[in-house]
file query07.csv (CSV, C-alpha atoms and all ligand atoms)
chain,number,residue,atom,x,y,z
N,30,MET,CA,24.0,-3.2,-9.7
N,31,SER,CA,23.2,0.2,-8.2
N,32,ALA,CA,20.9,0.5,-5.2
N,33,PRO,CA,17.2,0.6,-6.0
N,34,VAL,CA,15.1,3.7,-5.7
N,35,ILE,CA,12.1,2.4,-3.7
N,36,PHE,CA,8.7,4.2,-3.7
N,37,SER,CA,5.4,3.2,-2.3
N,38,GLY,CA,2.2,4.9,-1.2
N,39,ILE,CA,-0.5,4.1,1.4
N,40,GLN,CA,-3.9,5.5,2.0
N,41,PRO,CA,-4.5,7.5,5.2
N,42,THR,CA,-6.7,5.4,7.5
N,43,GLY,CA,-6.4,4.4,11.1
N,44,ARG,CA,-7.9,1.0,10.1
N,45,LYS,CA,-4.8,-0.4,8.6
N,46,HIS,CA,-5.2,-4.2,8.6
N,47,LEU,CA,-3.1,-7.3,8.6
N,48,GLY,CA,-3.2,-7.4,4.8
N,49,ASN,CA,-1.6,-3.9,4.6
N,50,TYR,CA,0.9,-4.9,7.2
N,51,ILE,CA,2.0,-8.2,5.7
N,52,GLY,CA,1.6,-7.2,2.0
N,53,ALA,CA,3.1,-3.8,2.2
N,54,ILE,CA,4.3,-2.2,5.5
N,55,ARG,CA,6.6,-5.1,6.3
N,56,GLN,CA,8.2,-4.6,2.8
N,57,TYR,CA,8.7,-0.9,3.4
N,58,VAL,CA,10.6,-1.5,6.6
N,59,GLU,CA,12.8,-4.1,4.9
N,60,GLY,CA,13.2,-1.7,1.9
N,61,GLN,CA,14.7,1.0,4.0
N,62,GLU,CA,17.9,-1.0,4.2
N,63,ARG,CA,18.3,-1.3,0.5
N,64,GLY,CA,16.7,1.8,-1.0
N,65,GLU,CA,18.7,4.8,-2.0
N,66,PRO,CA,16.5,6.4,-1.2
N,67,ALA,CA,13.4,4.5,0.1
N,68,ILE,CA,10.4,6.9,-0.2
N,69,PHE,CA,7.0,6.4,1.4
N,70,CYS,CA,4.0,8.6,0.9
N,71,ILE,CA,0.7,8.9,2.7
N,72,VAL,CA,-1.7,9.5,-0.2
N,73,ASP,CA,-4.3,12.0,1.1
N,74,LEU,CA,-5.1,13.1,-2.5
N,75,HIS,CA,-6.0,9.6,-3.4
N,76,ALA,CA,-8.3,9.5,-0.4
N,77,ILE,CA,-10.5,12.3,-1.7
N,78,SER,CA,-11.6,10.3,-4.7
N,79,VAL,CA,-14.4,8.6,-2.6
N,80,ALA,CA,-16.8,10.1,-0.1
N,81,TYR,CA,-14.9,11.4,3.0
N,82,ASP,CA,-15.0,13.8,5.8
N,83,PRO,CA,-12.2,16.6,5.8
N,84,ALA,CA,-11.7,16.7,9.6
N,85,GLU,CA,-11.5,12.9,9.7
N,86,LEU,CA,-9.0,12.8,6.9
N,87,ARG,CA,-6.6,14.8,8.9
N,88,GLU,CA,-7.0,12.5,11.9
N,89,ARG,CA,-6.5,9.4,9.8
N,90,LEU,CA,-3.4,10.9,8.2
N,91,TYR,CA,-1.8,11.2,11.7
N,92,ASP,CA,-3.0,7.7,12.5
N,93,THR,CA,-1.3,6.3,9.4
N,94,THR,CA,1.9,8.3,10.0
N,95,ALA,CA,2.1,6.9,13.6
N,96,ILE,CA,1.4,3.4,12.4
N,97,LEU,CA,4.2,3.5,9.9
N,98,LEU,CA,6.6,4.9,12.5
N,99,ALA,CA,5.5,2.4,15.0
N,100,ALA,CA,6.1,-0.4,12.5
N,101,GLY,CA,9.7,0.7,12.1
N,102,LEU,CA,10.0,3.3,9.5
N,103,ASP,CA,12.9,5.6,10.4
N,104,PRO,CA,12.6,8.9,8.5
N,105,ALA,CA,15.4,10.5,10.6
N,106,ASN,CA,18.0,8.1,9.2
N,107,GLN,CA,16.7,5.6,6.7
N,108,CYS,CA,13.8,6.7,4.6
N,109,VAL,CA,11.7,9.6,3.3
N,110,LEU,CA,8.2,9.7,4.7
N,111,PHE,CA,5.8,12.5,3.6
N,112,ARG,CA,2.2,13.5,2.9
N,113,GLN,CA,1.4,13.5,-0.8
N,114,SER,CA,-0.4,16.8,-0.9
N,115,ASP,CA,2.7,18.6,0.5
N,116,VAL,CA,4.6,18.0,-2.7
N,117,ARG,CA,2.7,19.6,-5.5
N,118,GLU,CA,4.8,18.1,-8.1
N,119,HIS,CA,2.5,15.0,-7.9
N,120,THR,CA,-0.6,16.9,-9.0
N,121,GLU,CA,1.2,18.7,-11.8
N,122,LEU,CA,2.7,15.6,-13.1
N,123,THR,CA,-0.7,13.9,-13.0
N,124,TRP,CA,-2.0,16.4,-15.5
N,125,LEU,CA,1.1,16.2,-17.7
N,126,LEU,CA,1.0,12.4,-17.7
N,127,SER,CA,-2.7,12.3,-18.5
N,128,ALA,CA,-1.7,13.4,-22.0
N,129,VAL,CA,0.1,10.0,-22.5
N,130,THR,CA,-2.5,7.9,-20.6
N,131,SER,CA,-5.1,6.0,-22.6
N,132,HIS,CA,-8.7,6.5,-21.6
N,133,GLY,CA,-9.3,2.9,-22.5
N,134,ASP,CA,-6.6,1.7,-20.1
N,135,LEU,CA,-8.2,3.6,-17.3
N,136,ASN,CA,-11.5,2.1,-18.1
N,137,ARG,CA,-10.1,-1.4,-17.7
N,138,MET,CA,-8.8,-0.8,-14.1
N,139,HIS,CA,-10.4,-3.4,-11.8
N,140,GLN,CA,-10.2,-1.1,-8.8
N,141,PHE,CA,-12.1,1.6,-10.6
N,142,LYS,CA,-14.8,-0.8,-11.6
N,143,ASP,CA,-15.1,-2.2,-8.1
N,144,LYS,CA,-15.0,1.1,-6.3
N,145,SER,CA,-17.3,2.9,-8.7
N,146,MET,CA,-19.9,0.2,-8.2
N,147,ARG,CA,-19.7,0.6,-4.5
N,148,GLN,CA,-20.2,4.4,-4.6
N,149,ARG,CA,-23.8,5.3,-3.6
N,150,GLU,CA,-23.7,8.9,-4.7
N,151,LEU,CA,-21.0,10.5,-6.9
N,152,VAL,CA,-18.6,8.4,-9.0
N,153,SER,CA,-16.0,11.2,-9.2
N,154,ALA,CA,-13.6,11.9,-12.1
N,155,ALA,CA,-10.9,11.6,-9.4
N,156,LEU,CA,-11.7,8.0,-8.9
N,157,PHE,CA,-11.3,7.5,-12.6
N,158,PHE,CA,-8.0,9.4,-12.6
N,159,TYR,CA,-6.7,7.7,-9.5
N,160,PRO,CA,-4.2,5.5,-11.4
N,161,VAL,CA,-2.7,8.5,-13.2
N,162,LEU,CA,-2.0,10.1,-9.8
N,163,MET,CA,-0.5,6.9,-8.6
N,164,ALA,CA,1.7,6.7,-11.7
N,165,SER,CA,2.9,10.3,-11.0
N,166,ASP,CA,3.7,9.4,-7.4
N,167,VAL,CA,6.1,6.7,-8.6
N,168,LEU,CA,7.5,8.4,-11.8
N,169,ALA,CA,8.2,11.7,-10.1
N,170,TYR,CA,11.0,10.0,-8.2
N,171,ARG,CA,12.3,7.8,-11.0
N,172,ALA,CA,11.6,4.9,-8.7
N,173,THR,CA,12.9,1.5,-9.8
N,174,GLU,CA,11.0,-0.6,-7.3
N,175,VAL,CA,7.5,-0.4,-6.0
N,176,PRO,CA,6.6,-2.7,-3.1
N,177,VAL,CA,2.9,-3.4,-2.9
N,178,GLY,CA,0.4,-6.1,-2.3
N,179,ASP,CA,-1.1,-8.1,-5.2
N,180,ASP,CA,-4.1,-5.8,-5.6
N,181,GLN,CA,-1.9,-3.0,-6.9
N,182,ARG,CA,-0.4,-5.1,-9.7
N,183,GLN,CA,-2.6,-3.6,-12.5
N,184,HIS,CA,-1.9,-0.1,-11.3
N,185,VAL,CA,1.9,-0.7,-11.4
N,186,GLU,CA,1.6,-2.2,-14.9
N,187,LEU,CA,-0.2,0.9,-16.0
N,188,THR,CA,2.5,3.1,-14.5
N,189,ARG,CA,5.1,1.2,-16.6
N,190,GLU,CA,2.9,1.7,-19.7
N,191,ILE,CA,2.7,5.4,-19.0
N,192,ALA,CA,6.4,5.7,-18.6
N,193,ARG,CA,7.0,3.8,-21.7
N,194,ARG,CA,4.6,5.9,-23.7
N,195,PHE,CA,6.1,9.1,-22.4
N,196,ASN,CA,9.6,8.0,-23.3
N,197,GLU,CA,8.6,7.0,-26.8
N,198,ARG,CA,6.9,10.2,-27.4
N,199,PHE,CA,9.2,12.7,-25.7
N,200,GLY,CA,12.6,10.8,-25.4
N,201,GLU,CA,14.1,8.8,-22.5
N,202,THR,CA,13.0,10.7,-19.3
N,203,LEU,CA,11.1,8.4,-17.0
N,204,VAL,CA,11.9,5.1,-15.4
N,205,GLU,CA,9.7,2.0,-15.8
N,206,PRO,CA,9.5,0.6,-12.2
N,207,GLU,CA,9.6,-3.0,-11.2
N,208,LEU,CA,6.6,-4.4,-9.2
N,209,GLN,CA,7.7,-6.0,-6.0
N,210,VAL,CA,5.1,-8.2,-4.3
N,211,PRO,CA,6.1,-10.4,-1.4
N,212,GLU,CA,6.5,-14.1,-2.0
N,213,VAL,CA,4.2,-15.0,0.8
N,214,GLY,CA,1.3,-12.8,2.0
N,215,ALA,CA,0.8,-10.7,-1.2
N,216,ARG,CA,-2.9,-11.3,-0.8
N,217,ILE,CA,-4.1,-11.8,2.7
N,218,MET,CA,-7.7,-13.0,2.7
N,219,ASP,CA,-10.7,-12.1,4.9
N,220,LEU,CA,-10.9,-14.6,7.8
N,221,GLN,CA,-14.7,-15.0,7.5
N,222,GLU,CA,-14.8,-15.1,3.7
N,223,PRO,CA,-11.4,-16.4,2.5
N,224,GLU,CA,-12.3,-16.1,-1.1
N,225,ARG,CA,-12.3,-12.3,-0.6
N,226,LYS,CA,-9.2,-10.2,0.2
N,227,MET,CA,-9.0,-8.5,3.5
N,228,SER,CA,-9.8,-4.9,2.9
N,229,THR,CA,-10.9,-1.7,4.6
N,230,THR,CA,-14.0,-1.4,2.5
N,231,GLY,CA,-15.5,-4.6,1.0
N,232,ALA,CA,-14.6,-7.2,3.7
N,233,THR,CA,-16.3,-8.4,6.9
N,234,GLU,CA,-15.6,-6.8,10.2
N,235,ALA,CA,-15.1,-10.1,12.0
N,236,GLY,CA,-12.8,-11.3,9.3
N,237,THR,CA,-10.5,-8.2,9.3
N,238,VAL,CA,-7.7,-8.0,11.8
N,239,TYR,CA,-6.5,-4.4,12.4
N,240,VAL,CA,-3.0,-3.5,13.2
N,241,LEU,CA,-4.3,-1.6,16.2
N,242,ASP,CA,-6.6,-4.5,17.5
N,243,GLU,CA,-6.1,-5.5,21.1
N,244,PRO,CA,-4.8,-9.0,21.7
N,245,ALA,CA,-8.3,-10.2,22.8
N,246,ALA,CA,-9.9,-9.0,19.6
N,247,ILE,CA,-7.2,-10.7,17.5
N,248,ARG,CA,-7.7,-14.0,19.4
N,249,LYS,CA,-11.4,-13.8,18.9
N,250,LYS,CA,-11.2,-13.1,15.2
N,251,PHE,CA,-8.8,-16.0,14.6
N,252,GLY,CA,-10.8,-18.3,16.9
N,253,SER,CA,-13.9,-17.8,14.6
N,254,ALA,CA,-11.9,-17.9,11.3
N,255,VAL,CA,-13.6,-20.0,8.7
N,256,THR,CA,-11.6,-23.1,7.8
N,257,ASP,CA,-12.6,-26.0,5.5
N,258,SER,CA,-14.3,-29.3,5.9
N,259,GLY,CA,-11.1,-31.3,5.8
N,260,ARG,CA,-8.6,-31.9,8.6
N,261,GLU,CA,-5.3,-31.4,7.0
N,262,ILE,CA,-3.2,-28.3,7.7
N,263,LEU,CA,-1.9,-28.0,4.1
N,264,ARG,CA,-2.1,-25.3,1.4
N,265,GLY,CA,-4.3,-25.9,-1.6
N,266,GLU,CA,-6.7,-24.1,-3.9
N,267,GLU,CA,-9.6,-26.0,-2.3
N,268,LYS,CA,-8.5,-24.8,1.1
N,269,PRO,CA,-8.5,-21.0,1.0
N,270,GLY,CA,-9.1,-20.5,4.7
N,271,ILE,CA,-6.3,-22.8,5.9
N,272,THR,CA,-3.9,-21.6,3.2
N,273,ASN,CA,-4.5,-18.0,4.4
N,274,LEU,CA,-3.8,-19.0,8.0
N,275,ILE,CA,-0.6,-20.9,7.0
N,276,ASP,CA,0.7,-17.9,5.1
N,277,ILE,CA,-0.1,-15.5,8.0
N,278,LEU,CA,1.6,-17.6,10.6
N,279,ALA,CA,4.6,-18.2,8.3
N,280,VAL,CA,5.1,-14.4,7.9
N,281,ALA,CA,4.5,-13.8,11.6
N,282,ARG,CA,7.2,-16.2,12.5
N,283,GLY,CA,9.5,-15.4,9.7
N,284,VAL,CA,9.6,-18.9,8.3
N,285,GLY,CA,8.3,-20.5,5.1
N,286,PRO,CA,4.8,-21.9,4.7
N,287,ALA,CA,6.2,-25.5,4.3
N,288,ASP,CA,7.8,-25.2,7.8
N,289,ILE,CA,4.3,-24.4,9.2
N,290,GLU,CA,2.8,-27.4,7.4
N,291,ARG,CA,5.5,-29.6,8.8
N,292,GLU,CA,5.1,-28.3,12.3
N,293,PHE,CA,1.4,-28.7,12.4
N,294,ALA,CA,1.1,-32.0,10.6
N,295,GLY,CA,-1.5,-34.0,12.6
N,296,ALA,CA,-2.6,-31.1,14.7
N,297,GLY,CA,-6.3,-30.1,14.9
N,298,TYR,CA,-7.7,-26.9,13.4
N,299,GLY,CA,-8.5,-25.5,16.9
N,300,ASP,CA,-4.9,-25.7,18.1
N,301,PHE,CA,-3.6,-24.4,14.8
N,302,LYS,CA,-5.9,-21.3,14.9
N,303,LYS,CA,-4.7,-20.6,18.5
N,304,ALA,CA,-1.1,-20.7,17.3
N,305,VAL,CA,-1.9,-18.3,14.4
N,306,ALA,CA,-3.6,-15.9,16.8
N,307,GLU,CA,-0.6,-15.9,19.2
N,308,GLY,CA,1.8,-15.4,16.2
N,309,VAL,CA,-0.2,-12.4,15.1
N,310,VAL,CA,-0.5,-11.0,18.6
N,311,GLU,CA,3.3,-11.1,18.9
N,312,LEU,CA,3.7,-9.5,15.5
N,313,LEU,CA,1.3,-6.6,16.1
N,314,ALA,CA,1.5,-6.0,19.9
N,315,PRO,CA,4.8,-4.0,19.7
N,316,VAL,CA,3.4,-1.9,16.9
N,317,ARG,CA,0.3,-1.1,18.8
N,318,GLU,CA,2.3,-0.2,21.9
N,319,ARG,CA,4.6,2.1,20.1
N,320,TYR,CA,1.7,3.7,18.3
N,321,ALA,CA,0.1,4.6,21.6
N,322,ASP,CA,3.3,6.5,22.5
N,323,LEU,CA,3.6,8.3,19.1
N,324,ARG,CA,0.1,9.2,18.1
N,325,PRO,CA,-0.7,11.9,20.7
N,326,ASP,CA,2.2,14.1,19.7
N,327,GLU,CA,0.7,15.6,16.5
N,328,ALA,CA,3.3,18.4,16.4
N,329,ALA,CA,6.1,15.9,16.2
N,330,LEU,CA,4.2,13.9,13.5
N,331,GLU,CA,3.8,17.2,11.5
N,332,ALA,CA,7.5,18.0,11.9
N,333,THR,CA,8.4,14.5,10.6
N,334,LEU,CA,6.1,14.9,7.6
N,335,ALA,CA,7.4,18.4,6.9
N,336,ALA,CA,11.0,17.3,6.9
N,337,GLY,CA,10.0,14.4,4.6
N,338,ALA,CA,8.2,16.7,2.2
N,339,GLU,CA,11.3,18.9,1.8
N,340,LYS,CA,13.4,15.9,1.0
N,341,ALA,CA,10.8,14.5,-1.4
N,342,ARG,CA,10.5,17.9,-3.2
N,343,ALA,CA,14.2,18.1,-3.7
N,344,ILE,CA,14.1,14.9,-5.6
N,345,ALA,CA,10.9,15.4,-7.6
N,346,SER,CA,11.3,19.0,-8.6
N,347,PRO,CA,14.2,18.6,-11.1
N,348,ILE,CA,12.5,15.6,-12.6
N,349,LEU,CA,9.4,17.7,-13.1
N,350,GLU,CA,11.5,20.4,-14.7
N,351,LYS,CA,12.8,17.8,-17.1
N,352,VAL,CA,9.3,16.5,-17.9
N,353,ARG,CA,8.0,20.0,-18.5
N,354,ASP,CA,10.9,20.8,-20.8
N,355,ARG,CA,10.6,17.6,-22.8
N,356,MET,CA,6.9,18.3,-23.3
N,357,GLY,CA,7.5,21.9,-24.4
N,358,ILE,CA,5.8,23.4,-21.4
N,359,GLY,CA,6.8,26.7,-19.7
N,360,VAL,CA,10.0,28.7,-20.1
N,361,PRO,CA,12.6,26.7,-22.2
N,362,ALA,CA,15.4,25.2,-20.1
N,363,ARG,CA,18.9,26.5,-20.9
M,401,LIG,P1,-3.8,0.9,0.1
M,401,LIG,O1,-3.7,2.0,1.0
M,401,LIG,O2,-5.2,0.4,-0.2
M,401,LIG,O3,-3.0,-0.3,0.6
M,401,LIG,C1,-1.7,-0.2,1.1
M,401,LIG,C2,-0.9,-1.4,0.7
M,401,LIG,O4,-1.4,-2.6,1.3
M,401,LIG,C3,-1.6,-3.6,0.3
M,401,LIG,N1,-2.7,-4.5,0.6
M,401,LIG,C4,-2.7,-5.8,0.8
M,401,LIG,N2,-1.6,-6.7,0.7
M,401,LIG,C5,-1.9,-8.0,1.0
M,401,LIG,N3,-3.1,-8.4,1.3
M,401,LIG,C6,-4.2,-7.6,1.3
M,401,LIG,N4,-5.4,-8.1,1.7
M,401,LIG,C7,-4.0,-6.2,1.1
M,401,LIG,N5,-4.8,-5.1,1.1
M,401,LIG,C8,-4.0,-4.1,0.8
M,401,LIG,C9,-1.8,-2.8,-1.0
M,401,LIG,O5,-1.5,-3.6,-2.1
M,401,LIG,C10,-0.9,-1.6,-0.8
M,401,LIG,O6,0.5,-2.0,-1.2
M,401,LIG,N6,-3.3,2.8,-4.5
M,401,LIG,C11,-2.6,2.4,-3.3
M,401,LIG,C12,-1.8,3.5,-2.7
M,401,LIG,C13,-0.8,4.2,-3.6
M,401,LIG,C14,0.4,3.7,-4.1
M,401,LIG,C15,1.0,4.8,-4.8
M,401,LIG,C16,1.1,2.5,-4.0
M,401,LIG,C17,-0.9,5.5,-4.1
M,401,LIG,N7,0.2,5.8,-4.8
M,401,LIG,C18,2.3,4.6,-5.5
M,401,LIG,C19,2.3,2.3,-4.6
M,401,LIG,C20,2.9,3.3,-5.3
M,401,LIG,C21,-3.6,2.0,-2.3
M,401,LIG,O7,-4.7,2.3,-2.3
M,401,LIG,O8,-3.0,1.2,-1.3
call {"tool": "encode", "arguments": {"input": "query07.csv", "output": "structure tokens"}}
result
Amino acid sequence: MSAPVIFSGIQPTGRKHLGNYIGAIRQYVEGQERGEPAIFCIVDLHAISVAYDPAELRERLYDTTAILLAAGLDPANQCVLFRQSDVREHTELTWLLSAVTSHGDLNRMHQFKDKSMRQRELVSAALFFYPVLMASDVLAYRATEVPVGDDQRQHVELTREIARRFNERFGETLVEPELQVPEVGARIMDLQEPERKMSTTGATEAGTVYVLDEPAAIRKKFGSAVTDSGREILRGEEKPGITNLIDILAVARGVGPADIEREFAGAGYGDFKKAVAEGVVELLAPVRERYADLRPDEAALEATLAAGAEKARAIASPILEKVRDRMGIGVPAR
């Protein structure tokens, strides 16, 4: 089998949390080894679909770039890392693909429903169109694999549907990508409200562990994590809090959840929560330390993004030419 073309995107915010790290960023780092190429995009154009501050967007974009580099992405040798708005093929393809996207499908997107309900002022058309831009991100590279957390499942399904519809209508051109969610940790839950996923927007502050949190903050958040009335350290639907902590520690230690259950059989919740905190401190401390070194040098971050954009454009541009030609747009190709 040929090597996969891996593509994923991440929103620019400095408040990347443990869910992002475990569900996505860790998969990106692993994907660099296999992808030919592995392409990662910081999606500033997606970020403007809700209320935002332009100056802050720029800052958060650098924050995210530095977090990804600190986590182990290696754009000099192993991956392509770029800012979405630098590669205009994404926006052009969004419009072209909107012609084969069903309005009804967009209306069914859970994230649109959730986010539009939370908007206090404008529910923008951009928020509605968000999944078309996301499909364009992926399809512009003919990606075969999209590593994401569970909450992006529906968007990747729609991406596949859009590719399918394009190919049916205009001939085989685009590739239907495979969704890749991690076996453990695809949906990390809020520590205070373990029925809700950890998230930058709708979760609790005390229940959200940030990648850049100091060890003391991490210990405090795990110390007050909500567990359940039982005593057993076992996974189960009726034990969402403990299940979440088991998954987190399993990932932090690089073992399976069953290994954690075995190790902590008979232990109390208090000791277990301490162990989870230590596991996460060890996982995130090196990232936070490298981040502190990388973040101040914005010129270096810009240079990294510019080099990435050039590589990304070189891949996307011929694919766009093909799409335009198939659709009868522009000067005919010879
Ligand atoms: P974003 O920036 O919200 O999240 C980045 C990644 O983190 C995953 N994630 C989680 N995983 C496990 N548990 C959680 N609690 C959790 N919360 C978030 C997300 O699934 C995601 O993989 N629409 C995307 C960005 C995007 C994209 C793309 C992704 C734009 N274009 C093309 C893939 C391909 C988003 O908002 O991710």
call {"tool": "atom_distance", "arguments": {"input": "query07.csv", "atom1": "CA of Arg193 (chain N)", "atom2": "CA of Glu205 (chain N)"}}
result
6.7 Å
call {"tool": "residues_around", "arguments": {"input": "query07.csv", "residues": "Ala329 (chain N)", "least_positions_apart": "5", "cutoff": "12 Å", "atoms": "only C-alpha atoms", "output": "JSON, numbers by chain"}}
result
{"N": [91, 94, 95, 98, 322, 323, 324, 334, 335, 336]}
call {"tool": "closest_residue", "arguments": {"input": "query07.csv", "among": "N:Ser228, N:Thr93, N:Gln113, N:Ser127", "to": "Ile191 (chain N)", "atoms": "all atoms listed in the file"}}
result
N:Ser127
call {"tool": "atom_distance", "arguments": {"input": "query07.csv", "atom1": "CA of Ile275 (chain N)", "atom2": "CA of Lys45 (chain N)"}}
result
21.0 Å
call {"tool": "residues_near_ligand", "arguments": {"input": "query07.csv", "ligand": "ligand LIG 401 (chain M)", "cutoff": "7 Å", "atoms": "all atoms listed in the file", "output": "NGL selection string"}}
result
:N and (36-41 or 48-53 or 72 or 75 or 162-164 or 166-167 or 175-181 or 214-218 or 226-228)
call {"tool": "residues_near_point", "arguments": {"input": "query07.csv", "point": "(0.3, -25.6, 16.0)", "cutoff": "12 Å", "atoms": "all atoms listed in the file", "output": "PyMOL selection string"}}
result
chain N and resi 262+274-275+278-279+288-308
call {"tool": "closest_residue", "arguments": {"input": "query07.csv", "among": "N:Val360, N:Leu330, N:Met138, N:Val309", "to": "Glu243 (chain N)", "atoms": "all atoms listed in the file"}}
result
N:Val309
call {"tool": "closest_residue", "arguments": {"input": "query07.csv", "among": "N:Thr230, N:Ser145, N:Ser114, N:Thr130", "to": "Phe195 (chain N)", "atoms": "all atoms listed in the file"}}
result
N:Thr130
call {"tool": "closest_residue", "arguments": {"input": "query07.csv", "among": "N:Asp276, N:Glu350, N:Glu121, N:Asp103", "to": "Glu59 (chain N)", "atoms": "all atoms listed in the file"}}
result
N:Asp103
call {"tool": "residues_around", "arguments": {"input": "query07.csv", "residues": "Lys144 (chain N)", "least_positions_apart": "5", "cutoff": "12 Å", "atoms": "all atoms listed in the file", "output": "PyMOL selection string"}}
result
chain N and resi 78-80+138-139+149-153+155-157+159+229-231
call {"tool": "residues_near_point", "arguments": {"input": "query07.csv", "point": "(9.4, -7.4, -2.0)", "cutoff": "6 Å", "atoms": "all atoms listed in the file", "output": "MDAnalysis selection string"}}
result
chainID N and resid 56 176 209:211
call {"tool": "residues_around", "arguments": {"input": "query07.csv", "residues": "Thr237 (chain N)", "least_positions_apart": "6", "cutoff": "7 Å", "atoms": "all atoms listed in the file", "output": "NGL selection string"}}
result
:N and (46 or 219-220 or 227)
call {"tool": "residues_around", "arguments": {"input": "query07.csv", "residues": "Val116 (chain N)", "least_positions_apart": "6", "cutoff": "12 Å", "atoms": "all atoms listed in the file", "output": "MDAnalysis selection string"}}
result
chainID N and resid 70:74 110 122 165:166 169:170 334:346 349
call {"tool": "atom_distance", "arguments": {"input": "query07.csv", "atom1": "CA of Val34 (chain N)", "atom2": "CA of Leu125 (chain N)"}}
result
22.3 Å
call {"tool": "closest_residue", "arguments": {"input": "query07.csv", "among": "N:Glu85, N:Val213, N:Val255, N:Ala232", "to": "Gly283 (chain N)", "atoms": "only C-alpha atoms"}}
result
N:Val213
call {"tool": "closest_residue", "arguments": {"input": "query07.csv", "among": "N:Asp134, N:Glu331, N:Glu212, N:Glu266", "to": "Val280 (chain N)", "atoms": "all atoms listed in the file"}}
result
N:Glu212
call {"tool": "residues_around", "arguments": {"input": "query07.csv", "residues": "Ile68 (chain N)", "least_positions_apart": "6", "cutoff": "6 Å", "atoms": "only C-alpha atoms", "output": "PyMOL selection string"}}
result
chain N and resi 35-36+108-109
